[in-house]
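Text of the file data.cif, holding mmCIF, C-alpha atoms:
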data_work
loop_
_atom_site.label_atom_id
_atom_site.label_comp_id
_atom_site.auth_asym_id
_atom_site.auth_seq_id
_atom_site.Cartn_x
_atom_site.Cartn_y
_atom_site.Cartn_z
CA MET A 1 208.45 79.36 175.49
CA ASN A 2 210.54 77.06 177.67
CA CYS A 3 209.74 73.50 178.77
CA LEU A 4 208.11 74.54 182.07
CA GLU A 5 205.82 77.05 180.36
CA PHE A 6 204.97 74.45 177.72
CA ARG A 7 203.99 71.82 180.33
CA ARG A 8 201.81 74.34 182.24
CA HIS A 9 200.05 75.40 179.05
CA LEU A 10 199.67 71.76 177.99
CA GLY A 11 197.89 70.98 181.24
CA SER A 12 195.37 73.80 180.80
CA GLU A 13 194.92 73.72 177.03
CA PRO A 14 196.23 70.47 175.45
CA GLY A 15 194.82 71.33 172.03
CA SER A 16 196.38 74.79 171.85
CA GLN A 17 197.55 76.06 168.48
CA ARG A 18 199.51 79.08 169.74
CA LYS A 19 202.53 79.66 167.55
CA GLU A 20 205.06 79.56 170.38
CA PHE A 21 203.39 76.42 171.81
CA VAL A 22 203.47 74.58 168.48
CA ALA A 23 207.02 75.76 167.72
CA HIS A 24 208.37 74.51 171.05
CA ARG A 25 206.60 71.15 170.68
CA GLU A 26 208.13 70.59 167.24
CA ALA A 27 211.61 71.60 168.42
CA CYS A 28 211.74 69.69 171.73
CA PRO A 29 211.44 65.85 171.66
CA GLY A 30 210.75 65.72 175.39
CA CYS A 31 207.80 68.11 175.19
CA SER A 32 206.64 66.41 172.02
CA ALA A 33 206.44 63.16 174.02
CA ALA A 34 204.50 65.01 176.76
CA GLN A 35 202.05 66.17 174.08
CA LEU A 36 201.79 62.55 172.93
CA ARG A 37 200.80 61.46 176.43
CA ALA A 38 198.23 64.24 176.75
CA ASP A 39 196.79 63.44 173.34
CA ALA A 40 196.53 59.76 174.26
CA PHE A 41 194.50 60.74 177.32
CA GLU A 42 192.22 62.94 175.19
CA SER A 43 191.82 60.03 172.79
CA ARG A 44 190.70 57.76 175.65
CA LEU A 45 188.07 60.32 176.66
CA LEU A 46 186.80 60.44 173.08
CA HIS A 47 186.52 56.64 172.98
CA ALA A 48 184.63 56.69 176.29
CA LEU A 49 181.99 58.96 174.72
CA GLN A 50 181.39 56.65 171.79
CA VAL A 51 178.08 55.27 172.99
CA ALA A 52 175.77 53.83 170.35
CA ALA A 53 172.49 55.71 169.90
CA PRO A 54 169.30 53.77 170.78
CA ALA A 55 167.38 52.30 167.85
CA ASN A 56 164.86 54.66 166.21
CA LEU A 57 165.96 57.55 168.42
CA ALA A 58 164.72 60.25 166.07
CA ASP A 59 161.35 58.52 165.54
CA ARG A 60 160.81 58.12 169.26
CA ILE A 61 161.63 61.78 169.94
CA LEU A 62 159.30 62.97 167.20
CA LEU A 63 156.50 60.66 168.38
CA ALA A 64 156.73 61.91 171.96
CA GLN A 65 156.77 65.53 170.90
CA THR A 66 153.91 65.03 168.45
CA THR A 67 151.78 63.50 171.22
CA GLN A 68 152.39 66.56 173.39
CA LEU A 69 151.59 68.93 170.56
CA ARG A 70 148.15 67.38 169.98
CA ARG A 71 147.18 68.31 173.53
CA GLY A 72 147.82 72.01 173.04
CA ASP A 73 146.23 74.72 170.94
CA LEU A 74 147.06 75.27 167.28
CA SER A 75 149.42 78.20 167.76
CA ARG A 76 151.38 76.40 170.43
CA ARG A 77 151.66 73.29 168.24
CA ARG A 78 153.09 75.33 165.40
CA ARG A 79 155.74 76.93 167.61
CA PHE A 80 156.57 73.66 169.29
CA ALA A 81 156.81 71.78 165.99
CA ALA A 82 159.60 74.03 164.82
CA PHE A 83 161.40 73.62 168.13
CA THR A 84 160.95 69.83 168.08
CA LEU A 85 162.38 69.43 164.60
CA ALA A 86 165.36 71.58 165.48
CA ALA A 87 165.99 69.63 168.70
CA ALA A 88 165.76 66.27 166.93
CA ALA A 89 168.17 67.42 164.24
CA SER A 90 170.62 68.67 166.88
CA ILE A 91 170.52 65.36 168.75
CA LEU A 92 171.12 63.38 165.58
CA ILE A 93 174.05 65.61 164.64
CA ALA A 94 175.54 65.21 168.12
CA VAL A 95 175.14 61.42 168.04
CA VAL A 96 176.78 61.21 164.63
CA ALA A 97 179.65 63.45 165.77
CA VAL A 98 180.30 61.40 168.91
CA ASN A 99 180.07 58.09 167.09
CA ARG A 100 182.15 58.98 164.06
CA SER A 101 184.80 56.38 163.41
CA VAL A 102 188.21 56.84 164.98
CA GLN A 103 190.95 54.72 163.46
CA PRO A 104 192.29 52.58 166.32
CA VAL A 105 195.96 52.30 167.14
CA PRO A 106 197.28 48.83 166.13
CA PRO A 107 198.37 46.68 169.12
CA LEU A 108 202.06 46.69 168.18
CA SER A 109 202.11 50.48 167.75
CA ALA A 110 200.24 50.84 171.05
CA MET A 111 203.08 49.02 172.83
CA VAL A 112 205.57 51.37 171.17
CA ILE A 113 203.53 54.42 172.28
CA GLU A 114 203.44 53.09 175.85
CA HIS A 115 207.22 52.78 175.83
CA LEU A 116 207.65 56.30 174.42
CA GLN A 117 205.65 57.66 177.35
CA GLU A 118 208.43 56.40 179.63
CA HIS A 119 211.43 56.86 177.34
CA VAL A 120 211.55 60.62 176.77
CA VAL A 121 214.28 61.76 174.37
CA HIS A 122 215.56 65.24 175.24
CA ALA A 123 217.09 67.74 172.85
CA ASP A 124 220.56 67.28 174.37
CA ASP A 125 220.32 63.52 173.62
CA LEU A 126 220.31 64.19 169.88
CA VAL A 127 223.50 64.15 167.83
CA ASP A 128 223.42 65.61 164.34
CA SER A 129 223.70 62.67 161.91
CA LEU A 130 225.11 59.82 163.98
CA PRO A 131 227.89 57.78 162.36
CA PRO A 132 226.40 54.80 160.47
CA GLU A 133 228.54 52.46 162.57
CA ARG A 134 226.59 53.46 165.72
CA VAL A 135 223.30 52.55 164.11
CA MET A 136 224.65 49.29 162.65
CA GLU A 137 226.01 48.32 166.06
CA ALA A 138 222.58 48.81 167.69
CA PHE A 139 220.92 46.65 165.04
CA ALA A 140 223.67 44.03 165.27
CA GLU A 141 223.06 43.70 169.02
CA ARG A 142 219.43 43.03 168.15
CA GLY A 143 220.52 40.26 165.81
CA VAL A 144 220.10 42.16 162.52
CA LYS A 145 222.98 43.06 160.23
CA LEU A 146 222.27 46.15 158.15
CA GLY A 147 223.58 46.49 154.62
CA SER A 148 223.33 50.30 154.83
CA VAL A 149 222.02 53.08 157.08
CA PRO A 150 219.58 55.80 155.92
CA ALA A 151 220.89 59.34 156.34
CA GLY A 152 219.64 61.59 159.11
CA VAL A 153 219.55 59.43 162.25
CA ASP A 154 220.16 61.73 165.23
CA TYR A 155 219.45 59.24 168.03
CA VAL A 156 219.59 55.46 168.46
CA HIS A 157 218.94 53.24 171.47
CA LYS A 158 218.07 49.61 172.12
CA CYS A 159 214.75 49.42 173.93
CA PRO A 160 212.00 46.89 174.75
CA ALA A 161 208.37 47.38 173.74
CA GLY A 162 206.23 44.84 175.51
CA PRO A 163 207.76 41.40 174.78
CA TYR A 164 209.72 42.67 171.77
CA ARG A 165 213.24 43.95 171.30
CA THR A 166 213.42 47.21 169.37
CA VAL A 167 215.81 49.80 168.00
CA HIS A 168 214.51 53.26 168.92
CA MET A 169 215.64 56.12 166.63
CA VAL A 170 214.85 59.78 165.98
CA MET A 171 215.05 61.30 162.49
CA PRO A 172 214.64 65.10 162.17
CA GLU A 173 212.26 66.49 159.55
CA ALA A 174 211.08 70.00 158.68
CA GLU A 175 207.74 69.58 160.50
CA GLY A 176 209.36 68.12 163.62
CA PRO A 177 211.28 65.02 164.76
CA VAL A 178 209.95 61.64 163.66
CA THR A 179 210.33 58.73 166.07
CA VAL A 180 211.26 55.58 164.14
CA VAL A 181 211.13 52.26 166.00
CA TYR A 182 212.18 48.98 164.37
CA VAL A 183 210.51 46.04 166.15
CA VAL A 184 212.43 42.81 165.70
CA ASP A 185 210.36 39.78 164.63
CA ALA A 186 206.95 41.37 165.15
CA PRO A 187 204.08 39.01 164.21
CA PRO A 188 202.87 39.34 160.59
CA ALA A 189 200.27 42.11 160.26
CA PRO A 190 199.18 44.43 157.45
CA GLY A 191 200.65 47.92 157.61
CA SER A 192 198.29 50.69 158.68
CA SER A 193 198.16 54.41 159.39
CA PHE A 194 196.63 55.79 162.57
CA ARG A 195 196.29 58.91 164.71
CA SER A 196 197.33 59.16 168.33
CA GLY A 197 195.99 62.48 169.55
CA ARG A 198 197.53 65.15 167.34
CA ASN A 199 200.34 62.90 166.15
CA PHE A 200 200.38 60.84 162.98
CA GLY A 201 201.52 57.24 163.03
CA ARG A 202 202.18 54.44 160.60
CA GLU A 203 203.09 50.77 161.04
CA VAL A 204 204.90 49.12 158.11
CA ARG A 205 205.88 45.47 157.75
CA MET A 206 209.61 45.02 157.09
CA GLU A 207 212.11 42.20 156.73
CA GLN A 208 212.15 40.20 159.99
CA GLY A 209 210.04 42.80 161.78
CA SER A 210 207.96 45.98 161.60
CA LEU A 211 208.73 49.70 161.44
CA VAL A 212 206.63 52.10 163.52
CA MET A 213 206.82 55.83 162.73
CA ILE A 214 205.26 58.56 164.90
CA GLY A 215 205.55 62.30 164.32
CA PRO A 216 203.72 65.64 163.98
CA SER A 217 203.29 65.01 160.23
CA ASP A 218 203.14 61.96 157.97
CA ARG A 219 204.57 63.84 155.00
CA HIS A 220 207.91 62.00 155.07
CA PHE A 221 206.67 58.56 156.20
CA ASP A 222 206.79 57.08 152.69
CA ALA A 223 210.40 58.18 152.13
CA ILE A 224 211.49 57.02 155.59
CA ALA A 225 209.83 53.61 155.15
CA LEU A 226 211.41 53.18 151.70
CA SER A 227 214.89 54.04 152.98
CA TRP A 228 214.63 51.52 155.83
CA ARG A 229 213.13 48.89 153.54
CA ASP A 230 216.24 49.23 151.35
CA ALA A 231 218.55 49.10 154.37
CA LEU A 232 216.81 46.02 155.77
CA GLY A 233 216.38 44.29 152.43
CA ASN A 234 219.66 42.43 152.79
CA ALA A 235 219.62 42.26 156.59
CA VAL A 236 220.09 38.89 158.26
CA ALA A 237 218.15 37.98 161.42
CA GLU A 238 220.19 35.81 163.76
CA HIS A 239 217.70 34.96 166.50
CA ASP A 240 214.81 32.56 166.96
CA SER A 241 211.40 34.27 166.80
CA ARG A 242 209.38 31.49 168.49
CA GLU A 243 209.88 32.76 172.04
CA THR A 244 209.01 36.29 170.97
CA HIS A 245 205.81 35.11 169.30
CA ASP A 246 204.74 33.19 172.43
CA ALA A 247 205.44 36.24 174.56
CA PHE A 248 203.20 38.32 172.32
CA ALA A 249 200.27 35.94 172.90
CA GLY A 250 200.72 36.27 176.66
CA ALA A 251 200.90 40.06 176.51
CA LEU A 252 197.84 40.56 174.27
CA PRO A 253 195.31 41.26 177.08
CA HIS A 254 197.59 44.02 178.33
CA LEU A 255 197.32 45.86 175.03
CA GLN A 256 193.81 47.11 175.76
CA THR A 257 195.13 49.49 178.43
CA VAL A 258 198.53 50.48 177.15
CA ILE A 259 197.84 54.21 176.70
CA ARG A 260 197.46 55.97 180.02
CA PRO A 261 198.69 59.37 181.20
CA ASP A 262 201.20 59.30 184.01
CA GLY A 263 200.11 62.67 185.32
CA ALA A 264 203.66 63.75 186.11
CA ALA A 265 204.76 67.29 185.36
CA GLY A 266 208.24 66.32 184.23
CA SER A 267 209.93 63.58 182.25
CA ILE A 268 210.29 60.04 183.55
CA ALA A 269 213.53 58.27 182.83
CA CYS A 270 213.19 54.92 181.12
CA THR A 271 214.11 52.16 183.56
CA THR A 272 213.56 49.24 181.20
CA CYS A 273 215.78 50.16 178.23
CA ARG A 274 218.93 48.21 177.84
#
Once more with this new file: its structure as structure tokens, please.
Amino acid sequence: MNCLEFRRHLGSEPGSQRKEFVAHREACPGCSAAQLRADAFESRLLHALQVAAPANLADRILLAQTTQLRRGDLSRRRRFAAFTLAAAASILIAVVAVNRSVQPVPPLSAMVIEHLQEHVVHADDLVDSLPPERVMEAFAERGVKLGSVPAGVDYVHKCPAGPYRTVHMVMPEAEGPVTVVYVVDAPPAPGSSFRSGRNFGREVRMEQGSLVMIGPSDRHFDAIALSWRDALGNAVAEHDSRETHDAFAGALPHLQTVIRPDGAAGSIACTTCR
């Protein structure tokens, strides 16, 4: 399956588990990002359906049906009673299914996801194991001096995510590429795991910032976070975080609508990265 076939199939069946569909998504970062956008849209639809059930819904249904049954003959009441109980049970099951808890995406990670929808990394952008100097240089230009660089970074770029400066990286894993974004001087927040469509995500607090990881599996998140924690343990931040913190406060209302599909069939080049 090529990229065009993948995008057509994604538009008609975003939750497909066809082997060739899944294999192409895991091998192609650009199509993986397209899946991320589609999944974000599906997630918004799911949230829109999360309407709280009225109080005493089951009791009210049973009461109404019981009143109707008393007006009929005995045989009809018996048949209708069975139907009523089954209908009430089905409604309760549907309400519970629609209102089951969905772990929300943290605001900082939501900004990163919004940026990834615009900044699509293609397969030809990846370089097998970049030299550590390239990665150190990107961090240095963000004001952070690394003591070491974890192995297996195939892509690095300096990008913005909302009001924050970030270092955007891709690290290949067996289940598919993992996007790793270091956000410089993110506001203090507890780390958390989340789901964005069919992708796994995790936000981890680091030295002078936060690490956001997004990929088709969370199997390697612990190892990735540990390797970057070691690399950043002796890092030195050289910039003032006050302006960044103030910018975050101004951008907070925007976070409620950060995930939106762009509807385009192809990739959109990132015009804000620098």
When the PyMOL selection byres ((chain A and resi 182) around 9) is applied to the structure above, which residues does it catch, written out as a PyMOL selection string? chain A and resi 165-169+180-181+183-184+206+209-213
For the file shown, what are the residues hit by the PyMOL selection byres ((chain A and resi 170-174) around 7), laid out as an MDAnalysis selection string? chainID A and resid 152:156 169 175:180
To verify the selection step, state as number ranges by chain which residues the PyMOL selection byres ((chain A and resi 138) around 8) yields on this input. A: 134-137, 139-142, 156-158, 167
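Residues in contact with Cys3 (chain A) at up to 8 Å, not including ones fewer than 2 positions away on its chain and judged by all atoms listed in the file, are Met1, Glu5, Phe6, Arg7, His24 and Cys31 of chain A.
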Selected residue of minimal separation from Leu69 (chain A) among A:Ala82, A:Leu57, A:Leu4, A:Ala87, counting all atoms listed in the file: A:Ala82
